[in-house]
Amino acid sequence: MTETTWICGVDEAGRGPLAGPVFAACVILGSNCAITGLADSKKLSERKRTLLAECITRHAKAWSIAFASVAEIDQMNILQASLLAMKRAVEKLPLAPSLVLVDGNQSPQLHYPVKTIVKGDSLVPEISAASILAKTARDAEMLRLHQCYPAYGLDRHKGYPTKAHMQALRQYGITEIHRRSFAPISALATK
């Protein structure tokens, strides 16, 4: 890899929850950046993710984080919103990537060469790093939203459809941060 060849990893976080935006991140580690412990963010503890996110933002050659809103998720569907968040993240990068490696089998429309890699967040360091940044950024947003909607327990389940979250929805109703296009929310909305 020459110094002008930049491999960019891209991943998203938050496709499954009933609440909050979907986040995406992209990372260019660069040839001199070796970060120990990179892995799929879902396989790391919250503490380990936080430590790795700090290391990534300090040592990576370039990185960026973006999101798609709940309104965008409801308007276009979660897949398209995830791809939009990925596109926004790549477009925010301060360096133009030579190749964009995307976790999964779908990729956003970009003006760069793109390759999708199923389970890339476990196989490619750049995608693992992006997975960690996307997850920590989304978790931070859910903690912020918890301050606005404390009755829903967003600090614990981060918007996923847990028993406690479903009970809070039945008790307190749907908020503006809930994804109305998701079946459990739309079912409650029609009651």
# chains A, B, ... in the order shown; residues from 1 in each chain; ligands from 1

$ residues_around --residues "region 140-145 of chain A" --least-positions-apart "6" --cutoff "10 Å" --atoms "only C-alpha atoms" --output "ChimeraX atom specification"
/A:19-21,23,134,152-159,177

$ residues_around --residues "Tyr112 (chain A)" --least-positions-apart "2" --cutoff "12 Å" --atoms "only C-alpha atoms" --output "PyMOL selection string"
chain A and resi 6-8+87+90-91+95-102+107-110+114-115

$ write_last_selection --atoms "N, CA, C and O atoms" --output "short mmCIF file (atom, residue, chain, number, x, y, z; two decimals), in the first residue's frame"
data_model
loop_
_atom_site.label_atom_id
_atom_site.label_comp_id
_atom_site.auth_asym_id
_atom_site.auth_seq_id
_atom_site.Cartn_x
_atom_site.Cartn_y
_atom_site.Cartn_z
N TRP A 6 -5.65 4.92 0.30
CA TRP A 6 -6.36 4.94 1.58
C TRP A 6 -7.52 3.96 1.56
O TRP A 6 -8.47 4.13 0.82
N ILE A 7 -7.40 2.92 2.39
CA ILE A 7 -8.46 1.92 2.54
C ILE A 7 -9.38 2.40 3.66
O ILE A 7 -8.94 2.64 4.78
N CYS A 8 -10.66 2.51 3.33
CA CYS A 8 -11.64 3.02 4.28
C CYS A 8 -12.62 1.91 4.64
O CYS A 8 -13.17 1.25 3.75
N LYS A 87 -23.16 6.72 3.51
CA LYS A 87 -22.77 7.68 2.47
C LYS A 87 -22.35 9.01 3.11
O LYS A 87 -21.32 9.59 2.73
N VAL A 90 -18.87 8.66 4.74
CA VAL A 90 -17.78 8.65 3.76
C VAL A 90 -17.56 10.05 3.19
O VAL A 90 -16.43 10.51 3.04
N GLU A 91 -18.66 10.75 2.89
CA GLU A 91 -18.54 12.09 2.31
C GLU A 91 -17.94 13.11 3.28
O GLU A 91 -17.40 14.12 2.86
N LEU A 95 -10.13 12.83 3.94
CA LEU A 95 -9.30 12.25 2.88
C LEU A 95 -10.19 11.49 1.91
O LEU A 95 -11.17 10.88 2.32
N ALA A 96 -9.83 11.50 0.64
CA ALA A 96 -10.58 10.72 -0.35
C ALA A 96 -10.06 9.28 -0.33
O ALA A 96 -8.88 9.05 -0.57
N PRO A 97 -10.93 8.32 -0.02
CA PRO A 97 -10.47 6.93 0.03
C PRO A 97 -10.21 6.37 -1.37
O PRO A 97 -10.88 6.74 -2.33
N SER A 98 -9.24 5.46 -1.45
CA SER A 98 -8.96 4.76 -2.71
C SER A 98 -9.92 3.59 -2.88
O SER A 98 -10.25 3.21 -3.99
N LEU A 99 -10.33 3.02 -1.74
CA LEU A 99 -11.25 1.88 -1.75
C LEU A 99 -12.08 1.94 -0.47
O LEU A 99 -11.54 2.19 0.61
N VAL A 100 -13.38 1.71 -0.60
CA VAL A 100 -14.28 1.70 0.54
C VAL A 100 -14.74 0.26 0.76
O VAL A 100 -15.34 -0.35 -0.12
N LEU A 101 -14.44 -0.27 1.95
CA LEU A 101 -14.86 -1.61 2.32
C LEU A 101 -16.06 -1.49 3.26
O LEU A 101 -15.95 -0.87 4.32
N VAL A 102 -17.18 -2.06 2.86
CA VAL A 102 -18.44 -1.92 3.59
C VAL A 102 -18.83 -3.25 4.21
O VAL A 102 -18.82 -4.28 3.54
N SER A 107 -24.21 -1.82 -0.34
CA SER A 107 -23.33 -0.66 -0.18
C SER A 107 -24.05 0.61 -0.61
O SER A 107 -24.93 0.58 -1.47
N PRO A 108 -23.64 1.73 -0.02
CA PRO A 108 -24.20 3.02 -0.44
C PRO A 108 -23.65 3.39 -1.82
O PRO A 108 -22.63 2.87 -2.25
N GLN A 109 -24.36 4.29 -2.49
CA GLN A 109 -23.89 4.80 -3.78
C GLN A 109 -22.80 5.83 -3.50
O GLN A 109 -23.06 6.87 -2.89
N LEU A 110 -21.58 5.54 -3.92
CA LEU A 110 -20.44 6.42 -3.66
C LEU A 110 -19.67 6.68 -4.95
O LEU A 110 -19.79 5.93 -5.92
N VAL A 114 -15.99 0.50 -4.32
CA VAL A 114 -16.58 -0.08 -3.12
C VAL A 114 -16.55 -1.60 -3.21
O VAL A 114 -16.79 -2.17 -4.27
N LYS A 115 -16.27 -2.23 -2.07
CA LYS A 115 -16.36 -3.68 -1.98
C LYS A 115 -17.12 -4.01 -0.69
O LYS A 115 -16.81 -3.48 0.36
#

$ residues_around --residues "Gln106 (chain A)" --least-positions-apart "4" --cutoff "10 Å" --atoms "only C-alpha atoms" --output "count of residues only"
9

$ closest_residue --among "A:Leu169, A:Leu51, A:Ala137, A:Leu123" --to "Tyr149 (chain A)" --atoms "only C-alpha atoms"
A:Leu169

$ closest_residue --among "A:Cys148, A:Leu38, A:Cys26, A:Leu44" --to "Lys61 (chain A)" --atoms "only C-alpha atoms"
A:Cys26

$ select_by_dssp --residues "region 20-173 of chain A" --states "helix (DSSP H, G or I)" --output "PyMOL selection string"
chain A and resi 41-43+46-59+70-76+78-92+120-123+125-148+150-152+154-157+163-172
